[in-house]
file final18.csv (CSV, C-alpha atoms)
chain,number,residue,atom,x,y,z
A,1,GLY,CA,129.3,86.1,87.8
A,2,THR,CA,131.2,88.7,85.8
A,3,LEU,CA,129.2,91.8,84.9
A,4,LEU,CA,129.4,92.3,81.1
A,5,PRO,CA,128.6,95.7,79.5
A,6,LEU,CA,125.7,96.1,77.1
A,7,PRO,CA,123.7,93.2,78.6
A,8,ALA,CA,121.5,92.6,75.6
A,9,TRP,CA,119.3,90.2,77.6
A,10,ASN,CA,118.0,93.1,79.7
A,11,GLY,CA,116.4,95.0,76.9
A,12,PHE,CA,116.8,95.8,73.2
A,13,ARG,CA,117.0,99.0,71.2
A,14,THR,CA,114.9,99.0,68.1
A,15,SER,CA,115.7,102.5,66.7
A,16,LEU,CA,118.9,103.3,64.8
A,17,PRO,CA,121.7,105.1,66.6
A,18,THR,CA,121.8,108.9,66.3
A,19,LYS,CA,125.4,108.8,65.2
A,20,HIS,CA,124.6,107.3,61.8
A,21,THR,CA,127.0,108.1,59.0
A,22,LYS,CA,127.8,106.1,55.9
A,23,MET,CA,130.6,103.7,56.7
A,24,ARG,CA,132.7,101.2,54.8
A,25,ILE,CA,132.3,97.9,56.6
A,26,ALA,CA,134.1,94.6,56.1
A,27,LEU,CA,132.5,91.4,57.4
A,28,VAL,CA,135.4,88.9,57.4
A,29,THR,CA,135.4,85.2,57.8
A,30,TYR,CA,137.7,82.3,56.9
A,31,SER,CA,135.1,80.9,54.4
A,32,ILE,CA,131.4,81.5,53.6
A,33,LYS,CA,130.3,77.9,54.1
A,34,TYR,CA,126.8,76.5,55.1
A,35,GLY,CA,125.7,77.3,58.6
A,36,GLY,CA,124.7,79.6,61.3
A,37,ILE,CA,127.6,82.0,61.0
A,38,GLU,CA,126.9,82.5,57.3
A,39,THR,CA,123.2,83.1,58.1
A,40,PHE,CA,124.2,85.8,60.6
A,41,LEU,CA,126.6,87.4,58.0
A,42,ASN,CA,123.9,87.5,55.4
A,43,ARG,CA,121.4,89.2,57.7
A,44,LEU,CA,123.9,91.7,59.1
A,45,ALA,CA,125.3,92.5,55.6
A,46,THR,CA,121.8,92.9,54.1
A,47,PHE,CA,120.6,95.2,56.9
A,48,LEU,CA,123.7,97.4,56.9
A,49,ALA,CA,123.7,97.7,53.1
A,50,GLY,CA,120.0,98.7,53.3
A,51,GLU,CA,120.9,101.5,55.7
A,52,GLY,CA,123.3,102.9,53.1
A,53,HIS,CA,126.6,101.5,54.3
A,54,GLU,CA,129.2,100.0,51.9
A,55,VAL,CA,129.4,96.4,53.0
A,56,THR,CA,131.9,93.8,51.7
A,57,LEU,CA,132.1,90.1,52.8
A,58,ILE,CA,135.6,88.9,52.7
A,59,GLU,CA,136.9,85.2,52.8
A,60,THR,CA,140.5,84.7,53.9
A,61,GLU,CA,141.2,81.0,53.7
A,62,GLU,CA,138.9,79.3,51.1
A,63,ARG,CA,136.0,80.0,48.8
A,64,GLY,CA,132.9,78.6,50.5
A,65,GLU,CA,129.9,77.0,48.9
A,66,TRP,CA,127.6,79.8,49.8
A,67,ALA,CA,129.8,82.6,48.5
A,68,ASP,CA,128.3,82.6,45.0
A,69,ALA,CA,124.7,82.6,46.4
A,70,PHE,CA,125.6,85.6,48.6
A,71,ALA,CA,126.9,87.4,45.5
A,72,ALA,CA,123.9,86.4,43.4
A,73,SER,CA,121.6,88.0,46.1
A,74,GLY,CA,123.3,91.4,45.5
A,75,LEU,CA,125.9,91.3,48.4
A,76,ARG,CA,129.5,92.3,47.6
A,77,VAL,CA,131.7,89.3,48.1
A,78,THR,CA,135.5,89.0,47.6
A,79,ASP,CA,138.2,86.7,48.8
A,80,ILE,CA,141.9,87.1,49.8
A,81,LEU,CA,143.1,83.5,49.7
A,82,PRO,CA,146.5,82.0,50.6
A,83,HIS,CA,148.9,81.4,47.7
A,84,PRO,CA,150.7,78.1,47.7
A,85,LEU,CA,154.0,79.8,46.8
A,86,ARG,CA,153.8,82.7,49.2
A,87,SER,CA,154.4,82.8,53.0
A,88,ARG,CA,151.7,83.2,55.7
A,89,ARG,CA,153.3,86.6,56.5
A,90,ARG,CA,152.7,87.7,52.9
A,91,HIS,CA,149.1,86.5,53.1
A,92,VAL,CA,148.5,88.5,56.3
A,93,GLN,CA,150.1,91.6,54.6
A,94,ARG,CA,147.7,91.2,51.6
A,95,ILE,CA,144.7,91.0,54.0
A,96,ALA,CA,145.9,94.1,55.9
A,97,ASN,CA,146.3,96.0,52.6
A,98,SER,CA,142.7,95.3,51.7
A,99,LEU,CA,141.3,96.0,55.1
A,100,ARG,CA,142.9,99.4,55.4
A,101,MET,CA,140.2,100.9,53.2
A,102,PHE,CA,137.4,100.1,55.7
A,103,ASP,CA,136.1,102.1,58.6
A,104,VAL,CA,134.8,99.0,60.4
A,105,VAL,CA,136.1,95.4,60.4
A,106,ILE,CA,134.0,92.7,62.0
A,107,LEU,CA,135.8,89.4,62.3
A,108,ASN,CA,134.2,86.0,62.4
A,109,ASP,CA,136.6,83.2,63.1
A,110,ALA,CA,139.2,84.7,60.8
A,111,PRO,CA,142.7,84.1,62.4
A,112,PHE,CA,144.7,85.6,59.5
A,113,ALA,CA,142.7,88.8,59.5
A,114,GLN,CA,142.9,88.9,63.3
A,115,SER,CA,146.7,88.8,63.1
A,116,ALA,CA,146.6,91.7,60.6
A,117,LEU,CA,144.8,94.2,62.9
A,118,GLY,CA,148.0,96.0,64.0
A,119,LEU,CA,148.6,96.9,60.4
A,120,LEU,CA,145.3,98.7,59.9
A,121,MET,CA,144.6,102.4,60.3
A,122,GLU,CA,144.4,103.5,63.9
A,123,GLU,CA,140.9,104.9,63.6
A,124,THR,CA,139.5,101.6,62.1
A,125,VAL,CA,136.9,100.0,64.5
A,126,CYS,CA,137.8,96.3,64.9
A,127,ILE,CA,135.3,93.8,66.4
A,128,PRO,CA,135.8,90.0,66.6
A,129,VAL,CA,132.6,88.0,67.1
A,130,VAL,CA,132.4,84.6,69.0
A,131,HIS,CA,129.7,82.4,67.6
A,132,THR,CA,130.1,79.1,69.4
A,133,ASP,CA,131.5,77.4,72.5
A,134,LEU,CA,134.8,76.2,71.0
A,135,GLY,CA,138.3,76.9,72.3
A,136,SER,CA,139.6,77.7,68.8
A,137,MET,CA,137.0,80.4,68.3
A,138,TYR,CA,137.7,82.0,71.7
A,139,ARG,CA,141.4,81.9,71.0
A,140,ASN,CA,141.0,83.5,67.6
A,141,ALA,CA,138.8,86.2,69.0
A,142,VAL,CA,141.1,87.3,71.9
A,143,ALA,CA,144.3,87.2,69.8
A,144,ASN,CA,146.0,90.5,69.1
A,145,ARG,CA,143.8,92.0,71.8
A,146,SER,CA,145.5,95.3,72.0
A,147,GLN,CA,144.4,96.0,68.4
A,148,TRP,CA,140.6,95.4,68.7
A,149,ASP,CA,138.0,97.7,70.2
A,150,ALA,CA,135.4,95.2,71.5
A,151,VAL,CA,134.5,91.5,71.2
A,152,VAL,CA,130.9,90.5,70.7
A,153,CYS,CA,129.6,87.1,71.9
A,154,VAL,CA,126.2,85.9,70.6
A,155,GLY,CA,125.1,84.5,74.0
A,156,PRO,CA,125.7,85.0,77.7
A,157,ARG,CA,127.6,81.7,78.1
A,158,LEU,CA,130.2,82.7,75.5
A,159,GLY,CA,130.6,86.2,77.1
A,160,LYS,CA,131.3,84.7,80.6
A,161,THR,CA,133.7,82.0,79.2
A,162,ILE,CA,135.8,84.4,77.1
A,163,VAL,CA,136.3,86.6,80.3
A,164,ARG,CA,136.9,83.8,82.8
A,165,GLY,CA,138.7,81.3,80.6
A,166,TYR,CA,140.5,83.4,78.0
A,167,GLY,CA,141.3,86.7,79.8
A,168,ALA,CA,139.2,89.1,77.6
A,169,PRO,CA,138.8,92.5,79.3
A,170,PRO,CA,135.3,92.5,80.8
A,171,ASP,CA,134.7,96.1,79.8
A,172,ARG,CA,135.3,95.2,76.1
A,173,VAL,CA,133.0,92.1,76.0
A,174,HIS,CA,129.5,92.6,74.7
A,175,VAL,CA,126.6,90.2,74.3
A,176,ILE,CA,124.5,90.7,71.2
A,177,PRO,CA,122.2,87.8,70.4
A,178,TYR,CA,121.4,86.7,66.9
A,179,GLY,CA,118.3,88.2,65.2
A,180,VAL,CA,115.9,86.4,62.9
A,181,GLU,CA,113.0,87.4,60.7
A,182,VAL,CA,109.8,87.3,62.8
A,183,PRO,CA,106.4,87.7,61.1
A,184,GLU,CA,104.3,90.6,62.4
A,185,ARG,CA,101.3,88.2,63.0
A,186,TYR,CA,101.3,84.8,64.6
A,187,PRO,CA,101.7,82.1,62.0
A,188,GLU,CA,98.6,80.0,62.7
A,189,ARG,CA,98.8,76.3,61.9
A,190,PRO,CA,95.9,74.8,59.9
A,191,PRO,CA,92.9,73.7,62.0
A,192,ASP,CA,93.6,70.0,61.1
A,193,ARG,CA,96.8,70.2,63.1
A,194,ALA,CA,94.7,69.7,66.3
A,195,VAL,CA,94.7,66.0,65.3
A,196,GLY,CA,96.9,63.6,63.5
A,197,PRO,CA,100.6,62.9,63.7
A,198,LEU,CA,102.8,65.5,65.5
A,199,ARG,CA,105.2,67.0,63.0
A,200,VAL,CA,108.8,67.2,64.3
A,201,ILE,CA,111.8,68.8,62.5
A,202,TYR,CA,115.5,68.9,63.1
A,203,VAL,CA,117.5,71.6,61.4
A,204,GLY,CA,121.3,71.6,61.5
A,205,ARG,CA,124.5,69.8,60.7
A,206,LEU,CA,124.2,66.0,60.7
A,207,GLU,CA,127.1,65.2,63.0
A,208,ASP,CA,127.0,63.5,66.3
A,209,ARG,CA,130.0,65.0,68.2
A,210,GLN,CA,128.3,68.3,68.9
A,211,LYS,CA,124.7,68.0,67.7
A,212,ARG,CA,124.1,64.4,69.0
A,213,VAL,CA,121.9,63.6,66.1
A,214,LEU,CA,122.2,59.9,66.7
A,215,ARG,CA,120.1,60.4,69.8
A,216,MET,CA,117.1,61.3,67.8
A,217,PRO,CA,116.0,57.9,66.7
A,218,GLY,CA,116.0,56.7,70.3
A,219,ILE,CA,114.0,59.8,71.4
A,220,MET,CA,111.4,59.2,68.7
A,221,SER,CA,111.2,55.5,69.5
A,222,GLY,CA,110.4,56.3,73.1
A,223,ALA,CA,107.8,58.9,72.2
A,224,MET,CA,106.1,56.5,69.8
A,225,SER,CA,106.0,53.7,72.5
A,226,ASP,CA,103.5,55.9,74.4
A,227,GLY,CA,101.0,55.4,71.6
A,228,GLU,CA,101.4,58.7,69.8
A,229,SER,CA,102.1,59.1,66.1
A,230,PHE,CA,104.7,61.4,64.5
A,231,GLU,CA,106.3,62.6,61.3
A,232,PHE,CA,109.9,63.6,61.2
A,233,THR,CA,111.7,66.0,58.8
A,234,VAL,CA,115.5,66.3,58.7
A,235,VAL,CA,117.0,69.5,57.2
A,236,GLY,CA,120.8,69.6,56.8
A,237,ASP,CA,123.7,67.3,55.8
A,238,GLY,CA,126.9,66.1,57.4
A,239,PRO,CA,129.1,63.1,58.0
A,240,ASP,CA,126.6,61.2,60.1
A,241,ARG,CA,123.7,61.4,57.6
A,242,ASN,CA,123.9,57.7,56.6
A,243,ALA,CA,124.3,56.5,60.2
A,244,LEU,CA,121.2,58.6,61.2
A,245,ALA,CA,119.1,57.1,58.4
A,246,ALA,CA,120.1,53.6,59.4
A,247,ALA,CA,119.3,54.3,63.1
A,248,PHE,CA,115.9,55.6,62.2
A,249,ALA,CA,115.2,52.5,60.1
A,250,ALA,CA,116.3,50.2,62.9
A,251,LEU,CA,114.6,51.9,65.8
A,252,CYS,CA,111.6,53.5,64.2
A,253,PRO,CA,110.7,51.4,61.2
A,254,THR,CA,107.1,52.8,61.0
A,255,LEU,CA,108.1,56.5,61.5
A,256,ARG,CA,107.8,58.6,58.3
A,257,VAL,CA,111.2,60.3,58.0
A,258,GLU,CA,112.0,62.8,55.2
A,259,PHE,CA,115.6,63.9,54.6
A,260,ARG,CA,115.5,67.3,52.9
A,261,GLY,CA,119.3,67.9,52.6
A,262,ARG,CA,120.8,71.4,52.8
A,263,LEU,CA,118.4,74.3,52.2
A,264,THR,CA,119.0,78.0,51.9
A,265,ASN,CA,118.0,80.1,54.9
A,266,ALA,CA,114.8,81.2,53.1
A,267,GLU,CA,113.9,77.6,52.3
A,268,THR,CA,114.6,76.6,55.9
A,269,ARG,CA,112.3,79.3,57.2
A,270,THR,CA,109.6,78.0,54.8
A,271,ALA,CA,110.2,74.4,56.0
A,272,LEU,CA,109.7,75.6,59.6
A,273,GLU,CA,106.2,76.8,58.9
A,274,ARG,CA,104.8,73.3,58.7
A,275,PRO,CA,106.2,71.4,61.8
A,276,ASP,CA,104.8,71.6,65.3
A,277,VAL,CA,108.0,70.9,67.1
A,278,LEU,CA,111.8,71.5,66.7
A,279,LEU,CA,114.1,68.9,68.2
A,280,LEU,CA,117.6,69.9,69.3
A,281,PRO,CA,119.5,67.3,71.4
A,282,SER,CA,123.0,69.0,71.2
A,283,ASP,CA,125.6,68.8,74.0
A,284,PHE,CA,126.9,72.4,73.3
A,285,GLU,CA,125.9,75.4,71.2
A,286,GLY,CA,126.8,79.1,70.9
A,287,LEU,CA,123.3,80.5,70.5
A,288,PRO,CA,121.5,78.1,68.0
A,289,ILE,CA,119.8,80.2,65.3
A,290,THR,CA,117.5,77.3,64.5
A,291,VAL,CA,115.8,77.7,67.9
A,292,LEU,CA,115.1,81.3,67.2
A,293,GLU,CA,113.8,80.6,63.7
A,294,ALA,CA,111.6,77.9,65.0
A,295,MET,CA,110.1,80.2,67.6
A,296,ALA,CA,109.5,82.9,65.0
A,297,ALA,CA,107.7,80.3,62.9
A,298,GLY,CA,105.6,79.1,65.8
A,299,ALA,CA,107.4,75.7,66.0
A,300,LEU,CA,107.9,74.7,69.6
A,301,PRO,CA,111.5,74.0,70.5
A,302,ILE,CA,112.4,71.0,72.6
A,303,ALA,CA,116.1,71.3,73.3
A,304,SER,CA,119.0,70.3,75.6
A,305,ARG,CA,119.3,72.5,78.6
A,306,ILE,CA,122.6,74.3,78.0
A,307,GLU,CA,123.3,76.9,80.7
A,308,ASP,CA,123.2,80.6,79.5
A,309,THR,CA,122.5,79.3,76.0
A,310,THR,CA,119.2,77.5,75.3
A,311,ASP,CA,117.9,78.5,78.8
A,312,PHE,CA,118.5,82.1,77.6
A,313,GLN,CA,116.4,81.5,74.5
A,314,ILE,CA,113.7,79.3,75.9
A,315,ALA,CA,111.5,79.7,79.0
A,316,ASP,CA,111.0,76.1,80.0
A,317,GLY,CA,107.3,75.1,80.0
A,318,ARG,CA,106.2,78.4,78.5
A,319,THR,CA,108.0,78.9,75.2
A,320,GLY,CA,109.4,75.4,74.8
A,321,PHE,CA,110.9,72.5,76.8
A,322,LEU,CA,114.4,72.1,78.2
A,323,VAL,CA,115.8,68.6,78.8
A,324,ALA,CA,119.1,67.5,80.4
A,325,PRO,CA,121.6,66.7,77.6
A,326,GLY,CA,121.5,62.9,77.0
A,327,ASP,CA,118.2,62.3,78.8
A,328,ILE,CA,116.5,60.3,76.1
A,329,ASP,CA,113.5,59.5,78.2
A,330,GLY,CA,113.1,63.2,79.1
A,331,PHE,CA,113.0,64.2,75.4
A,332,SER,CA,110.6,61.3,74.6
A,333,HIS,CA,108.2,62.3,77.4
A,334,ALA,CA,108.2,66.0,76.3
A,335,LEU,CA,107.3,65.0,72.8
A,336,SER,CA,104.6,62.5,73.7
A,337,GLY,CA,103.1,64.9,76.3
A,338,ILE,CA,102.7,67.8,73.9
A,339,ALA,CA,101.4,65.4,71.2
A,340,LYS,CA,98.6,64.5,73.7
A,341,ASP,CA,97.8,68.2,74.5
A,342,ARG,CA,97.3,70.2,71.3
A,343,THR,CA,95.7,73.1,73.2
A,344,LYS,CA,98.9,73.5,75.3
A,345,LEU,CA,100.9,73.1,72.1
A,346,ARG,CA,99.2,76.1,70.5
A,347,GLU,CA,99.4,78.2,73.7
A,348,MET,CA,103.2,77.6,73.9
A,349,SER,CA,103.7,78.1,70.2
A,350,PHE,CA,102.1,81.5,70.4
A,351,ALA,CA,104.2,82.4,73.4
A,352,ALA,CA,107.4,81.3,71.6
A,353,TRP,CA,106.5,83.5,68.6
A,354,SER,CA,105.7,86.4,70.8
A,355,ASP,CA,109.0,86.1,72.7
A,356,ALA,CA,111.0,85.9,69.4
A,357,LYS,CA,109.2,89.1,68.3
A,358,ASP,CA,110.0,90.9,71.5
A,359,ARG,CA,113.6,89.8,71.9
A,360,PHE,CA,115.3,88.4,68.8
A,361,THR,CA,114.6,90.3,65.6
A,362,VAL,CA,117.2,91.1,62.9
A,363,ARG,CA,116.6,94.8,63.4
A,364,GLN,CA,117.3,94.6,67.2
A,365,MET,CA,120.5,92.7,66.5
A,366,CYS,CA,121.8,95.1,63.8
A,367,CYS,CA,120.9,98.3,65.8
A,368,GLN,CA,123.0,97.0,68.7
A,369,TYR,CA,126.0,96.5,66.3
A,370,LEU,CA,125.5,100.1,65.1
A,371,ASP,CA,125.3,101.3,68.7
A,372,LEU,CA,128.5,99.5,69.5
A,373,ILE,CA,130.3,100.9,66.5
A,374,ALA,CA,129.1,104.4,67.2
A,375,ALA,CA,130.4,104.2,70.8
A,376,ARG,CA,134.0,103.4,69.8

call {"tool": "encode", "arguments": {"input": "final18.csv", "output": "structure tokens"}}
result
Amino acid sequence: GTLLPLPAWNGFRTSLPTKHTKMRIALVTYSIKYGGIETFLNRLATFLAGEGHEVTLIETEERGEWADAFAASGLRVTDILPHPLRSRRRHVQRIANSLRMFDVVILNDAPFAQSALGLLMEETVCIPVVHTDLGSMYRNAVANRSQWDAVVCVGPRLGKTIVRGYGAPPDRVHVIPYGVEVPERYPERPPDRAVGPLRVIYVGRLEDRQKRVLRMPGIMSGAMSDGESFEFTVVGDGPDRNALAAAFAALCPTLRVEFRGRLTNAETRTALERPDVLLLPSDFEGLPITVLEAMAAGALPIASRIEDTTDFQIADGRTGFLVAPGDIDGFSHALSGIAKDRTKLREMSFAAWSDAKDRFTVRQMCCQYLDLIAAR
């Protein structure tokens, strides 16, 4: 395969770069909505601001539902939105005028801002970030390629794809995985968790095209047919919420299912402290933050095996289980097997937390961004 620089999966820096001066940093996205990209932006902005940098989050297409929450938490949030009576060219010019005041511009699926890069100051460091395995995100990131300094991909699969499929220069492609908050000590489950129903959770958007949430009732039905008992919690919302509830009722009428709706990231991390297992039956992902947050909380991930993605996060049989996408029986057997062996569950849970602590912390992620900026 293509050799990518800064192979983050081979080791992580935890100290801050020596070249560490106060910078004006813009984190740009089309909209601060609800999801993994926004969680990443919140963590990166909070860390960089805590290191003394002037950080501004900028929306370029619409005001998202999380924008006010970000601002209420103390982050600086602004928007430069299209005007119905002005041209797209004028919109791009307005974005460029605002971005000229920054030393660093980090772009997150923001095509209008991407097209404005040639209008910025020559010394401005410009870095697009690819968050998921979608053609539109790759195309947005590589656009105007002579005007950006480096592109960051959050997982190895994305890095390889943007080089092989979209012509990004290999020497300017860097893989920096997401970081999550990992407690210093292993989050022990209560002693009574050695018996009773296995607690399973799903966290994410409730849509079947990517996440394949409608597979979950069949998975749980198969696991229950082996004589084990379960409880299931659903965190998130989306277009297939009602279809999912109906499928659970039809296929698992005795399963206790709780729909929690959308939660903030802090609320989600709290919700992950209780379950034993995270279920993720997706067909494709960028680098699912929910897997890392589950590992940090000691919840064992059982996920679709996605090459250079979930197999980069999870060591199959040691820190979680990987199952072929669409293998309903495989997911069911993994669940029922770990429900029967709570000693193995605890051992794997500890290994998952330990791996998250060694590889996927917020500090590790942010220090790598600062290293990359300093090298430009």

call {"tool": "closest_atom_pairs", "arguments": {"input": "final18.csv", "of": "range 205-294 of chain A", "to": "range 39-54 of chain A", "cutoff": "12 Å", "atoms": "only C-alpha atoms", "output": "Markdown table"}}
result
| residue | atom | partner | partner_atom | distance |
| --- | --- | --- | --- | --- |
| A:Leu263 | CA | A:Thr39 | CA | 11.6 |
| A:Thr264 | CA | A:Thr39 | CA | 9.1 |
| A:Asn265 | CA | A:Thr39 | CA | 6.8 |
| A:Ala266 | CA | A:Thr39 | CA | 10.0 |
| A:Thr268 | CA | A:Thr39 | CA | 11.0 |
| A:Arg269 | CA | A:Thr39 | CA | 11.6 |
| A:Leu287 | CA | A:Phe40 | CA | 11.3 |
| A:Pro288 | CA | A:Phe40 | CA | 11.0 |
| A:Ile289 | CA | A:Thr39 | CA | 8.5 |
| A:Thr290 | CA | A:Thr39 | CA | 10.3 |
| A:Glu293 | CA | A:Thr39 | CA | 11.2 |

call {"tool": "closest_residue", "arguments": {"input": "final18.csv", "among": "A:Ile219, A:Val129, A:Leu244, A:Ala143", "to": "Pro111 in chain A", "atoms": "only C-alpha atoms"}}
result
A:Ala143

call {"tool": "residues_around", "arguments": {"input": "final18.csv", "residues": "range 164-180 of chain A", "least_positions_apart": "2", "cutoff": "7 Å", "atoms": "all atoms listed in the file", "output": "PDB file with C-alpha atoms, in the frame of the given file"}}
result
ATOM      1  CA  LEU A   4     129.400  92.300  81.100  1.00  0.00           C
ATOM      2  CA  PRO A   5     128.600  95.700  79.500  1.00  0.00           C
ATOM      3  CA  LEU A   6     125.700  96.100  77.100  1.00  0.00           C
ATOM      4  CA  PRO A   7     123.700  93.200  78.600  1.00  0.00           C
ATOM      5  CA  ALA A   8     121.500  92.600  75.600  1.00  0.00           C
ATOM      6  CA  PHE A  40     124.200  85.800  60.600  1.00  0.00           C
ATOM      7  CA  VAL A 142     141.100  87.300  71.900  1.00  0.00           C
ATOM      8  CA  ASP A 149     138.000  97.700  70.200  1.00  0.00           C
ATOM      9  CA  ALA A 150     135.400  95.200  71.500  1.00  0.00           C
ATOM     10  CA  VAL A 151     134.500  91.500  71.200  1.00  0.00           C
ATOM     11  CA  VAL A 152     130.900  90.500  70.700  1.00  0.00           C
ATOM     12  CA  CYS A 153     129.600  87.100  71.900  1.00  0.00           C
ATOM     13  CA  VAL A 154     126.200  85.900  70.600  1.00  0.00           C
ATOM     14  CA  GLY A 155     125.100  84.500  74.000  1.00  0.00           C
ATOM     15  CA  PRO A 156     125.700  85.000  77.700  1.00  0.00           C
ATOM     16  CA  GLY A 159     130.600  86.200  77.100  1.00  0.00           C
ATOM     17  CA  LYS A 160     131.300  84.700  80.600  1.00  0.00           C
ATOM     18  CA  THR A 161     133.700  82.000  79.200  1.00  0.00           C
ATOM     19  CA  ILE A 162     135.800  84.400  77.100  1.00  0.00           C
ATOM     20  CA  VAL A 182     109.800  87.300  62.800  1.00  0.00           C
ATOM     21  CA  ILE A 289     119.800  80.200  65.300  1.00  0.00           C
ATOM     22  CA  LEU A 292     115.100  81.300  67.200  1.00  0.00           C
ATOM     23  CA  GLU A 293     113.800  80.600  63.700  1.00  0.00           C
ATOM     24  CA  PHE A 360     115.300  88.400  68.800  1.00  0.00           C
ATOM     25  CA  THR A 361     114.600  90.300  65.600  1.00  0.00           C
ATOM     26  CA  VAL A 362     117.200  91.100  62.900  1.00  0.00           C
ATOM     27  CA  GLN A 364     117.300  94.600  67.200  1.00  0.00           C
ATOM     28  CA  MET A 365     120.500  92.700  66.500  1.00  0.00           C
ATOM     29  CA  GLN A 368     123.000  97.000  68.700  1.00  0.00           C
TER      30      GLN A 368
END

call {"tool": "residues_around", "arguments": {"input": "final18.csv", "residues": "range 209-214 of chain A", "least_positions_apart": "2", "cutoff": "9 Å", "atoms": "all atoms listed in the file", "output": "PyMOL selection string"}}
result
chain A and resi 202+204-207+216-218+240-241+243-244+247-248+280-285+326

call {"tool": "write_last_selection", "arguments": {"input": "final18.csv", "atoms": "C-alpha atoms", "output": "PDB file, in the frame of the given file"}}
result
ATOM      1  CA  TYR A 202     115.500  68.900  63.100  1.00  0.00           C
ATOM      2  CA  GLY A 204     121.300  71.600  61.500  1.00  0.00           C
ATOM      3  CA  ARG A 205     124.500  69.800  60.700  1.00  0.00           C
ATOM      4  CA  LEU A 206     124.200  66.000  60.700  1.00  0.00           C
ATOM      5  CA  GLU A 207     127.100  65.200  63.000  1.00  0.00           C
ATOM      6  CA  MET A 216     117.100  61.300  67.800  1.00  0.00           C
ATOM      7  CA  PRO A 217     116.000  57.900  66.700  1.00  0.00           C
ATOM      8  CA  GLY A 218     116.000  56.700  70.300  1.00  0.00           C
ATOM      9  CA  ASP A 240     126.600  61.200  60.100  1.00  0.00           C
ATOM     10  CA  ARG A 241     123.700  61.400  57.600  1.00  0.00           C
ATOM     11  CA  ALA A 243     124.300  56.500  60.200  1.00  0.00           C
ATOM     12  CA  LEU A 244     121.200  58.600  61.200  1.00  0.00           C
ATOM     13  CA  ALA A 247     119.300  54.300  63.100  1.00  0.00           C
ATOM     14  CA  PHE A 248     115.900  55.600  62.200  1.00  0.00           C
ATOM     15  CA  LEU A 280     117.600  69.900  69.300  1.00  0.00           C
ATOM     16  CA  PRO A 281     119.500  67.300  71.400  1.00  0.00           C
ATOM     17  CA  SER A 282     123.000  69.000  71.200  1.00  0.00           C
ATOM     18  CA  ASP A 283     125.600  68.800  74.000  1.00  0.00           C
ATOM     19  CA  PHE A 284     126.900  72.400  73.300  1.00  0.00           C
ATOM     20  CA  GLU A 285     125.900  75.400  71.200  1.00  0.00           C
ATOM     21  CA  GLY A 326     121.500  62.900  77.000  1.00  0.00           C
TER      22      GLY A 326
END

call {"tool": "atom_distance", "arguments": {"input": "final18.csv", "atom1": "CA of Pro84 in chain A", "atom2": "CA of Ala110 in chain A"}}
result
18.6 Å

call {"tool": "residues_around", "arguments": {"input": "final18.csv", "residues": "Glu123 in chain A", "least_positions_apart": "2", "cutoff": "10 Å", "atoms": "only C-alpha atoms", "output": "PDB file with C-alpha atoms, keeping the file's coordinate frame"}}
result
ATOM      1  CA  PHE A 102     137.400 100.100  55.700  1.00  0.00           C
ATOM      2  CA  ASP A 103     136.100 102.100  58.600  1.00  0.00           C
ATOM      3  CA  VAL A 104     134.800  99.000  60.400  1.00  0.00           C
ATOM      4  CA  LEU A 120     145.300  98.700  59.900  1.00  0.00           C
ATOM      5  CA  MET A 121     144.600 102.400  60.300  1.00  0.00           C
ATOM      6  CA  VAL A 125     136.900 100.000  64.500  1.00  0.00           C
ATOM      7  CA  CYS A 126     137.800  96.300  64.900  1.00  0.00           C
ATOM      8  CA  ARG A 376     134.000 103.400  69.800  1.00  0.00           C
TER       9      ARG A 376
END

call {"tool": "atom_distance", "arguments": {"input": "final18.csv", "atom1": "CA of Glu184 in chain A", "atom2": "CA of Ala356 in chain A"}}
result
10.8 Å

call {"tool": "atom_distance", "arguments": {"input": "final18.csv", "atom1": "CA of His131 in chain A", "atom2": "CA of Asp308 in chain A"}}
result
13.7 Å

call {"tool": "closest_residue", "arguments": {"input": "final18.csv", "among": "A:Ala250, A:Leu198, A:Ile32, A:Ala315", "to": "Pro275 in chain A", "atoms": "only C-alpha atoms"}}
result
A:Leu198

call {"tool": "closest_residue", "arguments": {"input": "final18.csv", "among": "A:Ser31, A:Thr319, A:Ser304, A:Thr60", "to": "Arg215 in chain A", "atoms": "all atoms listed in the file"}}
result
A:Ser304

call {"tool": "residues_around", "arguments": {"input": "final18.csv", "residues": "range 226-233 of chain A", "least_positions_apart": "6", "cutoff": "6 Å", "atoms": "only C-alpha atoms", "output": "MDAnalysis selection string"}}
result
chainID A and resid 197:201 256:258

call {"tool": "axis_aligned_box", "arguments": {"input": "final18.csv", "around": "range 51-60 of chain A", "padding_each_side": "6 Å", "output": "AutoDock Vina command-line options"}}
result
--center_x 130.7 --center_y 93.8 --center_z 53.7 --size_x 31.6 --size_y 30.2 --size_z 16.0

call {"tool": "closest_residue", "arguments": {"input": "final18.csv", "among": "A:Val195, A:Met23, A:Ala245, A:Ala223", "to": "Gly330 in chain A", "atoms": "only C-alpha atoms"}}
result
A:Ala223

call {"tool": "closest_residue", "arguments": {"input": "final18.csv", "among": "A:Ala296, A:Leu134, A:Ala339, A:Leu370", "to": "Asp358 in chain A", "atoms": "only C-alpha atoms"}}
result
A:Ala296

call {"tool": "closest_residue", "arguments": {"input": "final18.csv", "among": "A:Ala96, A:Ile25, A:Gly286, A:Pro187", "to": "Ile37 in chain A", "atoms": "all atoms listed in the file"}}
result
A:Gly286

call {"tool": "residues_around", "arguments": {"input": "final18.csv", "residues": "range 341-352 of chain A", "least_positions_apart": "2", "cutoff": "7 Å", "atoms": "all atoms listed in the file", "output": "PyMOL selection string"}}
result
chain A and resi 186+194+295+298-300+318-320+337-339+354-356

call {"tool": "decode", "arguments": {"input": "final18.csv", "residues": "range 182-186 of chain A", "atoms": "C-alpha atoms", "output": "JSON list (two decimals), in the first residue's frame"}}
result
[["chain", "number", "residue", "atom", "x", "y", "z"],
["A", 182, "VAL", "CA", -10.22, 8.28, 28.88],
["A", 183, "PRO", "CA", -10.38, 7.96, 32.69],
["A", 184, "GLU", "CA", -7.05, 7.40, 34.42],
["A", 185, "ARG", "CA", -8.43, 4.36, 36.24],
["A", 186, "TYR", "CA", -10.39, 1.46, 34.81]]
